[in-house]
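start-v1.cif follows (mmCIF, C-alpha atoms):
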data_run
loop_
_atom_site.label_atom_id
_atom_site.label_comp_id
_atom_site.auth_asym_id
_atom_site.auth_seq_id
_atom_site.Cartn_x
_atom_site.Cartn_y
_atom_site.Cartn_z
CA MET W 9 38.71 82.13 23.74
CA LEU W 10 41.07 84.78 25.09
CA VAL W 11 38.22 87.25 25.51
CA ALA W 12 36.24 84.64 27.47
CA VAL W 13 39.19 83.93 29.77
CA VAL W 14 39.79 87.62 30.46
CA TRP W 15 36.07 88.17 31.07
CA GLY W 16 35.97 85.27 33.51
CA ALA W 17 39.07 86.41 35.37
CA VAL W 18 37.86 89.99 35.72
CA THR W 19 34.32 89.14 36.81
CA GLY W 20 35.51 86.39 39.12
CA ALA W 21 37.88 88.79 40.85
CA LEU W 22 34.89 91.02 41.66
CA LEU W 23 33.00 88.27 43.51
CA PRO W 24 34.64 88.18 47.00
CA ARG W 25 32.66 91.11 48.41
CA ALA W 26 29.38 89.66 47.13
CA VAL W 27 30.29 86.29 48.66
CA TYR W 28 30.86 87.91 52.04
CA ARG W 29 27.66 89.94 51.90
CA PHE W 30 25.46 87.05 50.81
CA ALA W 31 27.08 84.31 52.90
CA VAL W 32 24.88 84.52 55.98
CA PRO W 33 22.70 81.77 57.45
CA ALA W 34 19.06 81.56 56.46
CA GLY W 35 16.84 84.03 58.28
CA GLU W 36 19.54 86.65 58.73
CA ALA W 37 19.91 89.87 56.78
CA TRP W 38 22.77 90.31 54.34
CA HIS W 39 25.99 91.72 55.71
CA THR W 40 26.00 95.50 55.57
CA ARG W 41 29.19 96.01 57.58
CA CYS W 42 32.66 94.55 57.74
CA PRO W 43 33.50 92.44 60.82
CA GLU W 44 34.79 95.55 62.59
CA GLY W 45 31.54 97.45 62.07
CA HIS W 46 32.39 99.75 59.17
CA PRO W 47 29.66 100.18 56.53
CA LEU W 48 30.14 98.26 53.29
CA ARG W 49 29.59 100.07 50.02
CA GLY W 50 28.70 98.18 46.88
CA TRP W 51 28.43 94.49 46.17
CA LEU W 52 31.34 93.89 43.82
CA GLY W 53 35.05 94.04 44.47
CA ARG W 54 37.63 92.64 46.85
CA ALA W 55 36.61 91.77 50.40
CA ARG W 56 38.62 94.53 51.98
CA CYS W 57 37.76 97.42 54.26
CA GLY W 58 39.74 100.62 53.78
CA GLN W 59 38.79 101.85 57.26
CA CYS W 60 40.30 98.86 59.02
CA ALA W 61 44.02 98.68 59.68
CA PRO W 62 45.99 95.47 60.19
CA ARG W 63 47.22 94.91 63.72
CA GLY W 64 50.80 95.91 64.21
CA GLU W 65 50.77 98.88 61.83
CA GLY W 66 50.29 101.58 64.40
CA VAL W 67 46.54 101.76 64.57
CA PRO W 68 45.05 100.33 67.79
CA ARG W 69 42.25 97.88 67.38
CA GLY W 70 40.09 100.14 69.50
CA LYS W 71 39.86 102.51 66.56
CA CYS W 72 37.51 100.05 64.94
CA ALA W 73 33.91 99.78 66.07
CA PRO W 74 33.64 97.64 69.24
CA ARG W 75 32.19 94.23 68.69
CA GLY W 76 28.54 94.12 69.56
CA GLU W 77 28.08 97.85 68.94
CA GLY W 78 28.99 98.42 65.29
CA ALA W 79 28.76 95.01 63.72
CA GLY W 80 25.00 95.04 63.43
CA SER W 81 23.09 97.23 61.01
CA GLU W 82 19.91 99.19 61.01
CA GLU W 83 18.37 96.19 59.25
CA GLY W 84 19.18 93.90 62.14
CA ALA W 85 22.06 92.05 60.51
CA GLY W 86 24.36 90.50 63.08
CA ASP W 87 22.37 91.39 66.22
CA GLY W 88 25.57 92.22 68.02
CA GLU W 89 27.68 89.55 66.33
CA ASP W 90 30.17 90.36 63.63
CA VAL W 91 30.26 86.99 61.94
CA PRO W 92 27.77 84.18 61.30
CA ARG W 93 28.03 81.29 63.71
CA GLY W 94 28.21 78.60 61.05
CA ASP W 95 29.85 78.07 57.70
CA GLY W 96 27.25 75.81 56.15
CA ASP W 97 28.41 72.46 57.50
CA GLY W 98 27.39 72.86 61.12
CA GLU W 99 30.77 74.06 62.33
CA GLY W 100 31.64 77.52 63.51
CA ALA W 101 33.79 79.57 61.18
CA PRO W 102 37.29 79.67 62.68
CA ARG W 103 39.13 82.93 62.66
CA GLY W 104 41.15 83.30 59.52
CA GLU W 105 39.21 80.64 57.60
CA GLY W 106 35.75 81.99 57.19
CA TYR W 107 34.31 85.41 57.63
CA GLY W 108 36.27 88.45 58.57
CA TYR W 109 39.81 87.19 58.88
CA GLY W 110 41.55 87.03 55.54
CA ASP W 111 45.05 87.66 56.84
CA GLY W 112 45.91 84.10 57.80
CA GLY W 113 44.31 84.12 61.24
CA LYS W 114 45.46 87.46 62.61
CA ALA W 115 42.77 89.49 64.28
CA ALA W 116 41.44 92.51 62.44
CA GLY W 117 42.94 93.28 59.08
CA THR W 118 41.97 95.03 55.89
CA ALA W 119 40.97 91.72 54.29
CA TYR W 120 37.86 90.11 55.77
CA GLY W 121 36.81 87.47 53.24
CA ILE W 122 38.06 85.22 50.49
CA GLY W 123 40.72 86.50 48.14
CA PRO W 124 40.12 87.22 44.45
CA VAL W 125 42.51 84.63 43.01
CA ALA W 126 40.42 81.48 43.48
CA PRO W 127 37.08 82.86 42.18
CA ALA W 128 38.89 84.55 39.29
CA ALA W 129 40.63 81.32 38.31
CA VAL W 130 37.47 79.22 38.57
CA THR W 131 35.33 81.69 36.63
CA ALA W 132 38.01 82.05 33.94
CA LEU W 133 38.18 78.26 33.58
CA VAL W 134 34.40 78.00 33.34
CA CYS W 135 34.21 80.72 30.71
CA ALA W 136 37.05 79.18 28.71
CA ALA W 137 35.31 75.80 28.67
CA LEU W 138 32.02 77.39 27.59
CA ALA W 139 33.74 79.28 24.80
CA ALA W 140 35.51 76.16 23.57
CA ALA W 141 32.26 74.16 23.50
CA THR W 142 29.99 76.85 22.06
CA GLY W 143 32.31 78.40 19.50
CA THR W 144 31.17 81.63 17.89
CA ARG W 145 27.44 81.02 18.21
CA PRO W 146 25.56 83.97 19.73
CA GLU W 147 24.35 82.10 22.82
CA LEU W 148 27.93 82.17 24.09
CA ALA W 149 27.32 85.76 25.22
CA VAL W 150 24.51 84.49 27.46
CA TRP W 151 26.65 81.75 28.97
CA LEU W 152 29.45 84.22 29.71
CA LEU W 153 27.05 86.63 31.41
CA LEU W 154 25.52 83.91 33.57
CA ALA W 155 28.75 82.12 34.49
CA PRO W 156 29.91 84.54 37.24
CA VAL W 157 26.48 84.40 38.88
CA GLY W 158 26.61 80.61 38.84
CA VAL W 159 30.02 80.63 40.52
CA LEU W 160 28.76 83.10 43.14
CA LEU W 161 25.72 80.97 43.90
CA ALA W 162 27.82 77.82 44.23
CA VAL W 163 30.28 79.44 46.65
CA VAL W 164 27.58 81.02 48.82
CA ASP W 165 25.56 77.81 49.06
CA PHE W 166 28.64 75.76 49.85
CA ARG W 167 29.55 78.12 52.69
CA VAL W 168 26.17 78.62 54.37
CA GLN W 169 23.69 76.31 52.62
CA ARG W 170 21.66 79.22 51.34
CA LEU W 171 20.73 80.26 47.79
CA PRO W 172 19.72 83.93 47.93
CA ASP W 173 16.49 84.93 46.18
CA PRO W 174 18.11 88.10 44.78
CA LEU W 175 20.37 85.78 42.78
CA THR W 176 18.31 82.68 41.93
CA LEU W 177 15.16 84.34 40.62
CA PRO W 178 16.93 87.02 38.53
CA PHE W 179 19.22 84.26 37.23
CA ALA W 180 16.24 82.38 35.80
CA ALA W 181 14.60 85.54 34.46
CA ALA W 182 17.84 86.72 32.86
CA ALA W 183 18.47 83.32 31.27
CA LEU W 184 15.04 83.23 29.62
CA THR W 185 15.13 86.89 28.58
CA LEU W 186 18.62 86.75 27.10
CA LEU W 187 17.97 83.48 25.32
CA GLY W 188 14.78 84.99 23.91
CA VAL W 189 16.88 87.77 22.39
CA VAL W 190 19.45 85.31 21.06
CA ALA W 191 16.66 83.30 19.43
CA LEU W 192 16.11 86.29 17.12
CA VAL W 193 19.76 86.29 16.02
CA PRO W 194 20.89 84.12 13.09
CA GLU W 195 23.18 81.11 13.59
CA HIS W 196 22.00 80.24 17.09
CA ALA W 197 21.78 76.54 17.83
CA GLY W 198 18.98 76.29 20.39
CA THR W 199 15.26 76.72 20.86
CA TRP W 200 13.73 79.24 23.23
CA THR W 201 10.47 77.32 23.62
CA THR W 202 12.34 74.30 24.90
CA ALA W 203 14.31 76.53 27.25
CA LEU W 204 11.05 77.81 28.75
CA LEU W 205 9.60 74.31 29.04
CA GLY W 206 12.87 73.03 30.48
CA ALA W 207 12.75 75.70 33.18
CA LEU W 208 9.18 74.79 34.09
CA ALA W 209 9.84 71.05 34.00
CA LEU W 210 13.01 71.11 36.10
CA GLY W 211 11.49 73.58 38.54
CA ALA W 212 8.40 71.37 38.90
CA GLY W 213 10.56 68.29 39.40
CA TYR W 214 12.60 69.90 42.15
CA PHE W 215 9.46 71.28 43.75
CA ALA W 216 8.06 67.75 43.92
CA LEU W 217 11.26 66.58 45.60
CA PHE W 218 10.99 69.49 48.03
CA LEU W 219 7.44 68.46 48.97
CA ILE W 220 8.47 64.84 49.40
CA ASN W 221 11.59 65.54 51.46
CA PRO W 222 11.93 69.16 52.62
CA ALA W 223 14.91 68.23 54.80
CA GLY W 224 16.86 66.97 51.81
CA MET W 225 15.90 69.58 49.20
CA GLY W 226 15.71 73.29 49.96
CA PHE W 227 13.32 75.67 48.30
CA GLY W 228 16.30 77.66 47.08
CA ASP W 229 17.25 74.64 44.97
CA VAL W 230 13.79 74.75 43.41
CA LYS W 231 14.29 78.37 42.37
CA LEU W 232 17.77 77.68 41.06
CA ALA W 233 16.40 74.76 39.05
CA LEU W 234 14.32 77.22 37.01
CA GLY W 235 17.44 78.90 35.68
CA ALA W 236 19.30 75.63 35.22
CA GLY W 237 16.36 74.18 33.31
CA ALA W 238 16.26 77.20 31.01
CA VAL W 239 19.97 76.93 30.22
CA LEU W 240 19.83 73.19 29.65
CA GLY W 241 16.55 73.33 27.76
CA TRP W 242 18.06 75.61 25.14
CA TYR W 243 19.81 72.60 23.63
CA GLY W 244 16.88 70.20 24.00
CA TRP W 245 15.46 67.58 26.33
CA PRO W 246 18.43 65.19 26.16
CA THR W 247 20.60 67.99 27.56
CA VAL W 248 18.07 68.65 30.33
CA MET W 249 18.12 65.00 31.36
CA LEU W 250 21.91 64.77 31.12
CA GLY W 251 22.48 67.90 33.20
CA THR W 252 19.94 66.81 35.81
CA PHE W 253 21.46 63.36 36.13
CA ALA W 254 24.97 64.81 36.38
CA GLY W 255 23.91 67.10 39.24
CA PHE W 256 22.53 64.24 41.32
CA LEU W 257 25.54 62.09 40.46
CA PHE W 258 28.00 64.77 41.61
CA GLY W 259 26.03 65.31 44.81
CA ALA W 260 25.91 61.57 45.54
CA LEU W 261 29.65 61.18 44.94
CA TYR W 262 30.43 64.09 47.25
CA GLY W 263 28.13 62.80 49.98
CA GLY W 264 29.55 59.31 49.65
CA ALA W 265 33.09 60.62 49.90
CA LEU W 266 32.21 62.48 53.11
CA VAL W 267 30.71 59.32 54.61
CA VAL W 268 33.74 57.23 53.66
CA ALA W 269 36.03 59.87 55.16
CA ARG W 270 33.85 59.88 58.30
CA ARG W 271 33.22 63.59 57.96
CA ALA W 272 29.48 63.12 57.69
CA GLY W 273 26.75 60.60 58.43
CA ARG W 274 24.03 59.29 56.17
CA GLY W 275 21.62 61.92 57.49
CA THR W 276 24.01 64.87 57.22
CA ALA W 277 22.66 67.70 55.08
CA ILE W 278 24.92 68.96 52.32
CA PRO W 279 24.44 71.97 50.06
CA PHE W 280 23.02 70.76 46.76
CA GLY W 281 23.24 74.03 44.83
CA PRO W 282 26.90 73.62 43.83
CA PHE W 283 26.17 70.19 42.37
CA LEU W 284 23.04 71.37 40.60
CA ILE W 285 25.15 74.09 39.00
CA ALA W 286 28.01 71.69 38.22
CA GLY W 287 25.59 69.27 36.59
CA ALA W 288 24.04 72.05 34.53
CA PHE W 289 27.53 73.15 33.50
CA ALA W 290 28.46 69.62 32.42
CA GLY W 291 25.22 69.18 30.50
CA LEU W 292 25.59 72.57 28.88
CA LEU W 293 29.12 71.79 27.70
CA ILE W 294 28.03 68.56 26.07
CA GLY W 295 24.88 70.11 24.64
CA ALA W 296 26.80 73.05 23.18
CA TYR W 297 29.52 70.83 21.75
CA THR W 298 27.09 68.48 20.05
CA ALA W 299 24.64 71.15 18.84
#
What would the structure in this file look like if it were written as structure tokens?
Amino acid sequence: MLVAVVWGAVTGALLPRAVYRFAVPAGEAWHTRCPEGHPLRGWLGRARCGQCAPRGEGVPRGKCAPRGEGAGSEEGAGDGEDVPRGDGDGEGAPRGEGYGYGDGGKAAGTAYGIGPVAPAAVTALVCAALAAATGTRPELAVWLLLAPVGVLLAVVDFRVQRLPDPLTLPFAAAALTLLGVVALVPEHAGTWTTALLGALALGAGYFALFLINPAGMGFGDVKLALGAGAVLGWYGWPTVMLGTFAGFLFGALYGGALVVARRAGRGTAIPFGPFLIAGAFAGLLIGAYTA
């Protein structure tokens, strides 16, 4: 249990930079520079730029790349803008609350994204719950490896309603590959064949929903469903059905709460990825505990 908590805390603390780089609206390239135009190196770590200096510490803001000249990249990211216009719910990201201003609203600082505490705490909690439900069975290693990616996907989708292909497709492939290896190890409690069929079945089901209502179900959700189906299918079809139902239930409760609070209408689009992941997590916990 302690190892799982430490693993979750460490990996979760490395997610902020990846969140910032992936959290861009659909159709735009990933962030390659900080909001002040300095190149970003690597995908893991804190969302901080060592070349930026907080205002009031003796370094004029003009030392940073001017907005509109350095914020874009050779790949076209930004097109002269240093932050995305939206945060996933149709509202612009206010300074200090979204992209680029992690110092409580002050302009230009070393921190430009979310801090490491929240993702570290959430990932540690997720890993602890998985360890408690799975015990010492070998598939726990797979759940711990996939958990940080699931948290990253949930945060990115919640912020910009986008599930990046570089995360969803490798997530599904890694789940099936790792579970295939675990199936060769004694004392495992699942079945790899059902994991494969679960991935195909859940992916096909979400694809059908996408064809029926493209406005309500994104194609990114279809790709994510492949990985979720593989994870749930490891413990059998009842777990697949339970996790699927839980995802739609969580999404419906969230949407209903927004309507009641008058923060959304009946036709307002909400990111479904976080609820798909939460449902898979709930189903996985129950499946692992009862296996």
Spell out the residues picked by the PyMOL selection byres ((chain W and resi 200) around 7) here, as a ChimeraX atom specification.
/W:187-188,191,198-199,201-204,242
Spatial neighbours of region 26-33 of chain W, max dist 7 Å, all atoms listed in the file, sep filter under 5 positions, as a compact mmCIF listing (two decimals) with C-alpha atoms, in the coordinates of the input:
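So out.txt came out as:
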# COMPACT_ATOMS: atom_id res chain seq x y z
CA TRP W 38 22.77 90.31 54.34
CA HIS W 39 25.99 91.72 55.71
CA THR W 40 26.00 95.50 55.57
CA TRP W 51 28.43 94.49 46.17
CA LEU W 52 31.34 93.89 43.82
CA PRO W 92 27.77 84.18 61.30
CA GLY W 121 36.81 87.47 53.24
CA LEU W 160 28.76 83.10 43.14
CA VAL W 164 27.58 81.02 48.82
CA ARG W 167 29.55 78.12 52.69
CA VAL W 168 26.17 78.62 54.37
CA ARG W 170 21.66 79.22 51.34
Put a box with edges along x, y and z around all the listed atoms of region 149-155 of chain W, pad it by 6 Å on each side, then give me its centre and sizes in Å, one decimal, as AutoDock Vina command-line options.
--center_x 27.0 --center_y 84.2 --center_z 29.9 --size_x 16.9 --size_y 16.9 --size_z 21.3
Given the file shown, determine the residues that the PyMOL selection byres ((chain W and resi 275-281) around 8) selects; report them as a PyMOL selection string.
chain W and resi 96-97+161-162+165-166+169-171+223-225+229+232+259+263+272-274+282-285
Which residues, named as in the file, does the PyMOL selection byres ((chain W and resi 294) around 12) pick out? Answer as an NGL selection string.
:W and (137-138 or 140-142 or 240 or 243-244 or 246-251 or 254 or 287-293 or 295-299)
Could you tell me how far CA of Ala181 (chain W) sits from CA of Val13 (chain W), in Å to one decimal place?
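Distance reported for this atom pair: 25.1 Å.
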Give me, please, the distance in Å between CA of Leu184 (chain W) and CA of Val150 (chain W), quoted to one decimal.
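It comes out at 9.8 Å.
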What is the distance between CA of Val125 (chain W) and CA of Gly58 (chain W), in Å to one decimal?
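Taking CA of Val125 (chain W) as the start and CA of Gly58 (chain W) as the end point, the length is 19.5 Å.
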Name all residues at most 10 Å from Leu153 (chain W) (count only C-alpha atoms; drop same-chain ones fewer than 3 positions away) and give them as JSON, numbers by chain.
{"W": [15, 16, 19, 135, 148, 149, 150, 156, 157, 158, 182, 183, 186]}
Find the residue from W:Gly264, W:Gly211, W:Pro194, W:Gly20 that sits nearest to Ala129 (chain W); use all atoms listed in the file when measuring.
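Looking at the shortest contact to Ala129 (chain W), the residue is W:Gly20.
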Supply region 226-247 of chain W as a short mmCIF file (atom, residue, chain, number, x, y, z; two decimals), keeping the file's coordinate frame, with N, CA and C atoms built in where the input has gaps.
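Just written: selection39.cif:
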data_model
loop_
_atom_site.label_atom_id
_atom_site.label_comp_id
_atom_site.auth_asym_id
_atom_site.auth_seq_id
_atom_site.Cartn_x
_atom_site.Cartn_y
_atom_site.Cartn_z
N GLY W 226 16.15 71.96 49.56
CA GLY W 226 15.71 73.29 49.96
C GLY W 226 14.91 73.97 48.87
N PHE W 227 14.12 74.95 49.28
CA PHE W 227 13.32 75.67 48.30
C PHE W 227 14.20 76.55 47.41
N GLY W 228 15.37 76.93 47.91
CA GLY W 228 16.30 77.66 47.08
C GLY W 228 16.75 76.83 45.89
N ASP W 229 16.89 75.52 46.09
CA ASP W 229 17.25 74.64 44.97
C ASP W 229 16.16 74.63 43.91
N VAL W 230 14.91 74.72 44.35
CA VAL W 230 13.79 74.75 43.41
C VAL W 230 13.88 75.99 42.53
N LYS W 231 14.19 77.13 43.14
CA LYS W 231 14.29 78.37 42.37
C LYS W 231 15.49 78.34 41.43
N LEU W 232 16.58 77.78 41.91
CA LEU W 232 17.77 77.68 41.06
C LEU W 232 17.52 76.74 39.89
N ALA W 233 16.70 75.71 40.11
CA ALA W 233 16.40 74.76 39.05
C ALA W 233 15.69 75.43 37.87
N LEU W 234 14.97 76.51 38.11
CA LEU W 234 14.32 77.22 37.01
C LEU W 234 15.36 77.75 36.02
N GLY W 235 16.39 78.38 36.55
CA GLY W 235 17.44 78.90 35.68
C GLY W 235 18.24 77.80 35.03
N ALA W 236 18.55 76.76 35.79
CA ALA W 236 19.30 75.63 35.22
C ALA W 236 18.50 74.95 34.12
N GLY W 237 17.20 74.80 34.34
CA GLY W 237 16.36 74.18 33.31
C GLY W 237 16.30 75.00 32.04
N ALA W 238 16.28 76.33 32.20
CA ALA W 238 16.26 77.20 31.01
C ALA W 238 17.54 77.06 30.20
N VAL W 239 18.67 77.06 30.90
CA VAL W 239 19.97 76.93 30.22
C VAL W 239 20.08 75.58 29.52
N LEU W 240 19.73 74.52 30.23
CA LEU W 240 19.83 73.19 29.65
C LEU W 240 18.81 72.98 28.54
N GLY W 241 17.60 73.53 28.75
CA GLY W 241 16.55 73.33 27.76
C GLY W 241 16.83 73.98 26.43
N TRP W 242 17.70 74.95 26.40
CA TRP W 242 18.06 75.61 25.14
C TRP W 242 18.55 74.61 24.10
N TYR W 243 19.27 73.60 24.55
CA TYR W 243 19.81 72.60 23.63
C TYR W 243 18.97 71.32 23.56
N GLY W 244 17.79 71.33 24.17
CA GLY W 244 16.88 70.20 24.00
C GLY W 244 16.75 69.33 25.24
N TRP W 245 15.77 68.43 25.18
CA TRP W 245 15.46 67.58 26.33
C TRP W 245 16.58 66.62 26.70
N PRO W 246 17.32 66.04 25.74
CA PRO W 246 18.43 65.19 26.16
C PRO W 246 19.44 65.93 27.04
N THR W 247 19.68 67.20 26.74
CA THR W 247 20.60 67.99 27.56
C THR W 247 20.03 68.24 28.94
#
